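Novice: Handing over final_21.cif, mmCIF, C-alpha atoms.
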```
data_data
#
loop_
_atom_site.label_atom_id
_atom_site.label_comp_id
_atom_site.auth_asym_id
_atom_site.auth_seq_id
_atom_site.Cartn_x
_atom_site.Cartn_y
_atom_site.Cartn_z
CA MET A 468 -13.52 -43.00 -5.74
CA ASN A 469 -12.96 -39.33 -6.47
CA GLU A 470 -14.67 -36.75 -4.26
CA LYS A 471 -15.01 -32.99 -4.80
CA ARG A 472 -16.03 -30.42 -2.18
CA PHE A 473 -17.00 -26.89 -3.16
CA LEU A 474 -17.73 -23.73 -1.17
CA ASN A 475 -19.03 -20.54 -2.78
CA ILE A 476 -17.66 -17.44 -1.02
CA GLN A 477 -19.71 -14.26 -0.76
CA ASN A 478 -19.84 -11.04 1.26
CA LYS A 479 -16.29 -11.13 2.60
CA VAL A 480 -13.66 -8.50 3.34
CA LEU A 481 -10.04 -9.63 3.17
CA ARG A 482 -7.15 -7.77 4.78
CA PRO A 483 -3.39 -8.44 4.48
CA ALA A 484 -3.43 -10.56 7.64
CA ASP A 485 -6.17 -12.77 6.16
CA LEU A 486 -4.29 -13.30 2.90
CA ARG A 487 -1.05 -14.10 4.74
CA LYS A 488 -2.67 -16.50 7.18
CA THR A 489 -4.55 -18.30 4.42
CA ALA A 490 -1.35 -18.55 2.35
CA SER A 491 0.39 -20.08 5.37
CA THR A 492 -2.44 -22.60 5.70
CA PHE A 493 -2.00 -23.60 2.06
CA TYR A 494 1.74 -23.95 2.55
CA GLU A 495 1.22 -26.17 5.60
CA ILE A 496 -1.09 -28.38 3.54
CA TYR A 497 1.59 -28.50 0.83
CA GLU A 498 4.28 -29.47 3.36
CA GLY A 499 2.00 -32.23 4.65
CA LEU A 500 1.75 -33.63 1.13
CA LEU A 501 5.53 -33.40 0.77
CA ARG A 502 6.00 -35.50 3.92
CA ARG A 503 3.46 -37.93 2.56
CA HIS A 504 5.32 -38.11 -0.75
CA HIS A 505 8.74 -38.69 0.84
CA GLY A 506 7.30 -41.39 3.07
CA ASP A 507 5.88 -43.26 0.10
CA VAL A 508 7.90 -46.32 -0.88
CA ASP A 509 6.80 -45.94 -4.50
CA ARG A 510 7.89 -42.44 -5.48
CA THR A 511 6.94 -42.69 -9.11
CA THR A 512 4.25 -40.07 -8.47
CA LEU A 513 4.94 -36.40 -9.20
CA VAL A 514 6.10 -34.14 -6.37
CA PRO A 515 3.36 -31.98 -4.77
CA LYS A 516 3.20 -28.39 -5.98
CA VAL A 517 2.05 -25.12 -4.46
CA GLY A 518 1.40 -21.79 -6.16
CA PHE A 519 0.32 -18.29 -5.23
CA VAL A 520 -0.86 -15.84 -7.91
CA PHE A 521 -1.90 -12.22 -7.32
CA HIS A 522 -3.43 -9.87 -9.86
CA THR A 523 -3.13 -6.10 -9.46
CA LEU A 524 -4.47 -3.24 -11.54
CA ASP A 525 -1.61 -3.53 -14.03
CA ALA A 526 0.37 -6.69 -13.34
CA GLU A 527 0.42 -10.31 -12.21
CA TYR A 528 2.70 -11.80 -9.56
CA SER A 529 3.26 -15.50 -8.88
CA SER A 530 5.43 -17.58 -6.59
CA ASP A 531 5.78 -21.05 -5.10
CA ASP A 532 6.79 -19.84 -1.64
CA LEU A 533 5.54 -17.46 1.06
CA ASP A 534 7.90 -14.61 0.12
CA ILE A 535 5.12 -13.25 -2.08
CA VAL A 536 3.01 -12.41 0.99
CA LYS A 537 5.81 -11.08 3.19
CA ALA A 538 5.42 -7.78 5.02
CA ASP A 539 6.03 -4.60 3.00
CA GLY A 540 5.49 -6.59 -0.19
CA ILE A 541 2.76 -6.45 -2.83
CA LEU A 542 0.00 -6.86 -0.25
CA ASP A 543 1.01 -3.53 1.24
CA ASP A 544 2.23 -1.72 -1.88
CA LYS A 545 -0.29 -2.77 -4.54
CA VAL A 546 -4.04 -2.78 -5.05
CA ILE A 547 -4.98 -6.46 -5.27
CA THR A 548 -7.82 -7.24 -7.68
CA ALA A 549 -7.75 -11.07 -7.58
CA PHE A 550 -5.72 -14.00 -6.32
CA THR A 551 -5.46 -17.77 -6.60
CA TYR A 552 -3.89 -20.22 -4.14
CA HIS A 553 -3.33 -23.74 -5.43
CA VAL A 554 -1.96 -27.01 -4.08
CA SER A 555 -1.82 -30.19 -6.17
CA TYR A 556 -0.46 -33.70 -5.91
CA PHE A 557 -1.02 -35.58 -9.13
CA GLY A 558 -0.05 -39.00 -7.86
CA PRO A 559 -3.12 -39.53 -5.64
CA ARG A 560 -4.93 -36.85 -7.63
CA LEU A 561 -5.32 -34.40 -4.78
CA ASP A 562 -6.16 -30.81 -5.66
CA LEU A 563 -6.95 -27.67 -3.67
CA THR A 564 -7.79 -24.27 -5.20
CA LEU A 565 -8.94 -20.97 -3.71
CA SER A 566 -9.86 -18.25 -6.21
CA LEU A 567 -11.23 -14.84 -5.28
CA ALA A 568 -11.69 -11.59 -7.19
CA ASP A 569 -12.65 -8.12 -6.00
CA THR A 570 -15.98 -7.66 -7.77
CA ARG A 571 -15.24 -3.98 -8.43
CA PHE A 572 -12.44 -4.88 -10.83
CA ARG A 573 -13.07 -8.41 -12.08
CA SER A 574 -16.18 -10.43 -12.79
CA TRP A 575 -15.14 -14.05 -12.26
CA ASN A 576 -17.66 -16.81 -12.70
CA THR A 577 -17.13 -17.89 -9.13
CA ASN A 578 -15.39 -16.93 -5.91
CA SER A 579 -14.81 -20.23 -4.24
CA VAL A 580 -12.62 -22.88 -2.68
CA GLN A 581 -12.55 -26.36 -4.22
CA VAL A 582 -11.00 -29.53 -2.82
CA SER A 583 -10.94 -32.78 -4.77
CA GLY A 584 -9.15 -36.11 -4.80
CA ASN A 585 -9.42 -39.87 -4.41
CA ASP A 586 -8.47 -39.73 -0.72
CA ASN A 587 -11.78 -38.88 0.97
CA ASP A 588 -10.23 -38.34 4.39
CA TRP A 589 -7.78 -35.78 2.99
CA VAL A 590 -10.50 -34.02 0.96
CA ASN A 591 -12.90 -33.68 3.89
CA GLY A 592 -10.21 -32.77 6.41
CA THR A 593 -8.67 -30.14 4.12
CA PHE A 594 -12.06 -28.71 3.22
CA GLN A 595 -12.99 -28.36 6.90
CA GLN A 596 -9.66 -26.64 7.59
CA LEU A 597 -10.24 -24.09 4.83
CA GLU A 598 -13.89 -23.63 5.81
CA ASP A 599 -12.80 -22.76 9.36
CA THR A 600 -10.26 -20.26 8.02
CA ILE A 601 -12.79 -18.56 5.72
CA SER A 602 -15.39 -18.34 8.49
CA LYS A 603 -13.02 -16.03 10.40
CA TRP A 604 -12.88 -13.48 7.56
CA GLU A 605 -14.84 -10.30 8.09
CA THR A 606 -18.39 -10.47 6.73
CA GLN A 607 -19.52 -7.74 4.32
CA ARG A 608 -23.15 -7.10 5.29
CA PRO A 609 -23.72 -3.40 5.94
CA LYS A 610 -27.32 -2.41 6.60
CA ILE A 611 -27.02 0.56 4.26
CA LYS A 612 -26.50 -1.86 1.34
CA LYS A 613 -29.38 -4.05 2.48
CA TYR A 614 -31.75 -1.08 2.56
CA ARG A 615 -30.23 0.78 -0.38
CA TRP A 616 -33.51 1.16 -2.28
CA PRO A 617 -35.50 3.01 0.42
CA ILE A 618 -32.38 5.03 1.26
CA SER A 619 -31.90 5.92 -2.42
CA ILE A 620 -35.53 6.94 -2.82
CA PHE A 621 -35.32 9.12 0.28
CA LEU A 622 -32.09 10.78 -0.89
CA SER A 623 -33.52 11.38 -4.37
CA VAL A 624 -36.64 13.00 -2.94
CA MET A 625 -34.58 15.18 -0.62
CA ILE A 626 -32.20 16.28 -3.39
CA LEU A 627 -35.01 17.14 -5.79
CA TRP A 628 -37.01 18.82 -3.04
CA ILE A 629 -34.08 21.04 -2.07
CA LEU A 630 -33.33 21.93 -5.69
CA GLY A 631 -36.99 22.64 -6.39
CA THR A 632 -37.38 24.74 -3.28
CA ILE A 633 -34.31 26.82 -4.12
CA PHE A 634 -35.45 27.24 -7.73
CA THR A 635 -38.97 28.36 -6.86
CA TYR A 636 -37.72 30.65 -4.11
CA ILE A 637 -35.29 32.44 -6.43
CA TYR A 638 -37.97 32.66 -9.12
CA SER A 639 -40.36 34.22 -6.64
CA LEU A 640 -37.80 36.93 -5.90
CA LEU A 641 -37.39 37.73 -9.59
CA VAL A 642 -41.11 37.77 -10.41
CA SER A 643 -43.07 40.35 -8.43
CA ASP A 644 -46.51 38.82 -9.02
CA PHE A 645 -45.38 35.30 -8.28
CA ASP A 646 -48.23 33.16 -6.97
CA THR A 647 -47.02 31.42 -3.81
CA SER A 648 -49.19 28.44 -4.67
CA TYR A 649 -46.58 27.64 -7.33
CA TYR A 650 -43.96 27.40 -4.62
CA PHE A 651 -44.75 23.72 -4.24
CA THR A 652 -45.28 22.95 -7.92
CA PHE A 653 -41.70 22.12 -8.86
CA PRO A 654 -40.93 19.95 -5.80
CA ILE A 655 -44.12 17.96 -6.29
CA LEU A 656 -43.50 17.45 -10.00
CA ALA A 657 -39.88 16.58 -9.28
CA MET A 658 -40.98 13.65 -7.17
CA PHE A 659 -42.11 11.96 -10.36
CA LEU A 660 -38.57 12.28 -11.69
CA ILE A 661 -36.87 10.33 -8.92
CA VAL A 662 -36.57 7.04 -10.83
CA ALA A 663 -33.28 7.84 -12.59
CA PRO A 664 -31.46 9.33 -9.58
CA THR A 665 -32.80 6.57 -7.34
CA MET A 666 -31.34 3.85 -9.57
CA THR A 667 -28.05 5.75 -9.82
CA ILE A 668 -27.72 6.19 -6.07
CA ALA A 669 -28.72 2.56 -5.38
CA GLY A 670 -26.07 1.34 -7.80
CA TYR A 671 -23.50 3.64 -6.24
CA ILE A 672 -24.27 2.34 -2.75
CA ALA A 673 -24.04 -1.29 -3.92
CA ASP A 674 -20.62 -0.59 -5.47
CA LEU A 675 -19.35 0.82 -2.19
CA TRP A 676 -19.77 -2.58 -0.52
CA PRO A 677 -18.76 -5.19 -3.15
CA ASN A 678 -19.44 -8.88 -2.73
CA ILE A 679 -15.72 -9.54 -2.29
CA GLU A 680 -13.52 -6.67 -1.12
CA PHE A 681 -9.74 -6.58 -0.75
CA VAL A 682 -8.54 -3.94 1.70
CA PRO A 683 -4.78 -4.34 0.93
CA GLY A 684 -3.06 -1.52 -0.91
CA PRO A 685 -1.69 1.95 -0.21
CA GLU A 686 -3.87 4.05 2.08
CA HIS A 687 -4.36 6.77 -0.55
CA GLU A 688 -5.67 4.19 -3.01
CA ARG A 689 -8.36 2.80 -0.72
CA THR A 690 -11.04 4.62 -2.65
CA LEU A 691 -13.95 2.73 -1.06
CA ILE A 692 -13.15 4.14 2.37
CA ILE A 693 -13.02 7.67 0.93
CA LYS A 694 -16.30 7.20 -0.96
CA ARG A 695 -18.05 5.82 2.11
CA ARG A 696 -17.00 8.88 4.07
CA ARG A 697 -18.34 11.08 1.31
CA LEU A 698 -21.64 9.21 1.38
CA ALA A 699 -21.87 9.84 5.13
CA GLN A 700 -21.16 13.51 4.51
CA LEU A 701 -23.85 13.56 1.83
CA PHE A 702 -26.34 12.18 4.31
CA THR A 703 -25.43 14.90 6.78
CA ILE A 704 -25.53 17.70 4.21
CA ILE A 705 -28.81 16.63 2.59
CA ILE A 706 -30.91 15.04 5.32
CA ILE A 707 -30.69 17.79 7.94
CA PRO A 708 -31.52 20.78 5.68
CA GLY A 709 -33.85 18.60 3.60
CA LEU A 710 -35.97 17.63 6.59
CA PHE A 711 -35.98 21.21 7.80
CA LEU A 712 -37.26 22.49 4.45
CA LEU A 713 -39.79 19.69 4.17
CA PHE A 714 -41.31 20.24 7.61
CA ASN A 715 -41.20 23.98 7.17
CA SER A 716 -43.09 23.67 3.88
CA LEU A 717 -45.67 21.32 5.36
CA PHE A 718 -46.39 23.64 8.29
CA ARG A 719 -46.89 26.53 5.87
CA LEU A 720 -49.64 24.67 4.00
#
```
Once you've parsed the file, please lay out its structure as structure tokens.
Specialist:
Amino acid sequence: MNEKRFLNIQNKVLRPADLRKTASTFYEIYEGLLRRHHGDVDRTTLVPKVGFVFHTLDAEYSSDDLDIVKADGILDDKVITAFTYHVSYFGPRLDLTLSLADTRFRSWNTNSVQVSGNDNDWVNGTFQQLEDTISKWETQRPKIKKYRWPISIFLSVMILWILGTIFTYIYSLLVSDFDTSYYFTFPILAMFLIVAPTMTIAGYIADLWPNIEFVPGPEHERTLIIKRRRLAQLFTIIIIPGLFLLFNSLFRL
């Protein structure tokens, strides 16, 4: 009887050490199948196979050994966008596949690990081994992504409030008979225009913490880290003066 186990993978951050350790796990599983094959009296079955495939921004790299994940190799020199690890043994119909893609660059139908075969003990044991390995990967669950909509609304209001306040203040300096009651007109009206910037900011925040993120790559190409720092700076630049202007305006009412 053939059995298939499947695990959908979400909200994970993978670093070079994770990719190397997982590749080593796959190779150990492959070597176990090799020993099983050589110990079989009837060797009419095909020899087990192992494969590692990495996709970058402009190329694809594949190998059947661990040299592909060695130190100072593509994991450290390239920006990885997707990878697939695969072990197969067609005699007993045993198959193991791990496929993951960084959701910023590729939209695969699934990020998952699949184990199948007609040896239920091997399927369940291998699946548990991979499940334990994946559980040790860093989880991608930042609170800022979880609460991106209220954060985006707040930022949009602050941005429009600051712009409106600056605009009305400058206009009041240029117009001598400016009615101060109009000082609050633009900021209040601007609040009704927050839908577009709110959606833009929410989408931007979601992109900063993708469902599957690969950290490997040159330091200067780790754009997510740079963008997250900029978002933190934006919070500092906007929130502090924005709250000051808001409270100052409210007390003047």
Novice: Leaving out stretch 468-478 of chain A and any residue of its chain fewer than 6 positions from it, which residues lie within 6 Å of it when counting all atoms listed in the file, given as a list of chain:residue names?
Specialist: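 Here the qualifying residues turn out to be A:Asn578, A:Ser579, A:Val580, A:Gln581, A:Val582, A:Ser583, A:Gly584, A:Asn585, A:Thr606, A:Gln607, A:Asn678, A:Ile679.
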Novice: Please list as a list in words every residue within 6 Å of A:Val520, counting only C-alpha atoms and excluding residues in the same chain fewer than 4 positions away.
Specialist: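 These residues fall inside the cut-off: Tyr528, Ser529, Phe550 and Thr551 of chain A.
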Novice: Using only C-alpha atoms, find the one residue out of A:Lys613, A:Lys516, A:Lys488, A:Arg697 that sits nearest to A:Trp676.
Specialist: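 Nearest candidate to A:Trp676 out of A:Lys613, A:Lys516, A:Lys488, A:Arg697: A:Lys613.
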Novice: Could you tell me which of A:Asp586, A:Asp569, A:Glu598, A:Glu605 comes closest to A:Asp674 if we count all atoms listed in the file?
Specialist: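 Of A:Asp586, A:Asp569, A:Glu598, A:Glu605, the one nearest A:Asp674 is A:Asp569, counting all atoms listed in the file.
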Novice: So which one's closest to A:Ile626, A:Leu533, A:Thr665, A:Ser555, A:Leu675? Using all atoms listed in the file, please.
Specialist: A:Thr665
Novice: Enumerate, as number ranges by chain, the protein, DNA and RNA residues whose atoms approach (-23.4, 3.7, -7.0) to within 12 Å, taking into account all atoms listed in the file and the coordinate frame of the file.
Specialist: A: 571, 612, 615-616, 619, 664-677, 691, 694-695, 698
Novice: Find, counting only C-alpha atoms, the residue in A:Asp539, A:Leu500, A:Ala526, A:Phe702 that gets nearest to A:Phe621.
Specialist: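 The closest residue to A:Phe621 is A:Phe702.
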Novice: Using atom CA of A:Thr703 and atom CA of A:Ser623 as the two end points, give the distance in Å to one decimal.
Specialist: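 Result for atom CA of A:Thr703 versus atom CA of A:Ser623: 14.2 Å, one decimal.
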Novice: Could you tell me how far atom CA of A:Ala538 lies from atom CA of A:Leu486, in Å and to one decimal?
Specialist: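 According to the coordinates, atom CA of A:Ala538 and atom CA of A:Leu486 are separated by 11.4 Å.
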Novice: Quick one: of A:Ile633, A:Val514, A:Ile692, A:Ile496, who's nearest to A:Gly592, counting all atoms listed in the file?
Specialist: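 Going through A:Ile633, A:Val514, A:Ile692, A:Ile496 one by one, the smallest distance to A:Gly592 is for A:Ile496.
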Novice: Could you tell me how far atom CA of A:Ile704 sits from atom CA of A:Met625, in Å to one decimal place?
Specialist: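 Spanning atom CA of A:Met625 to atom CA of A:Ile704 is a straight-line distance of 10.6 Å.
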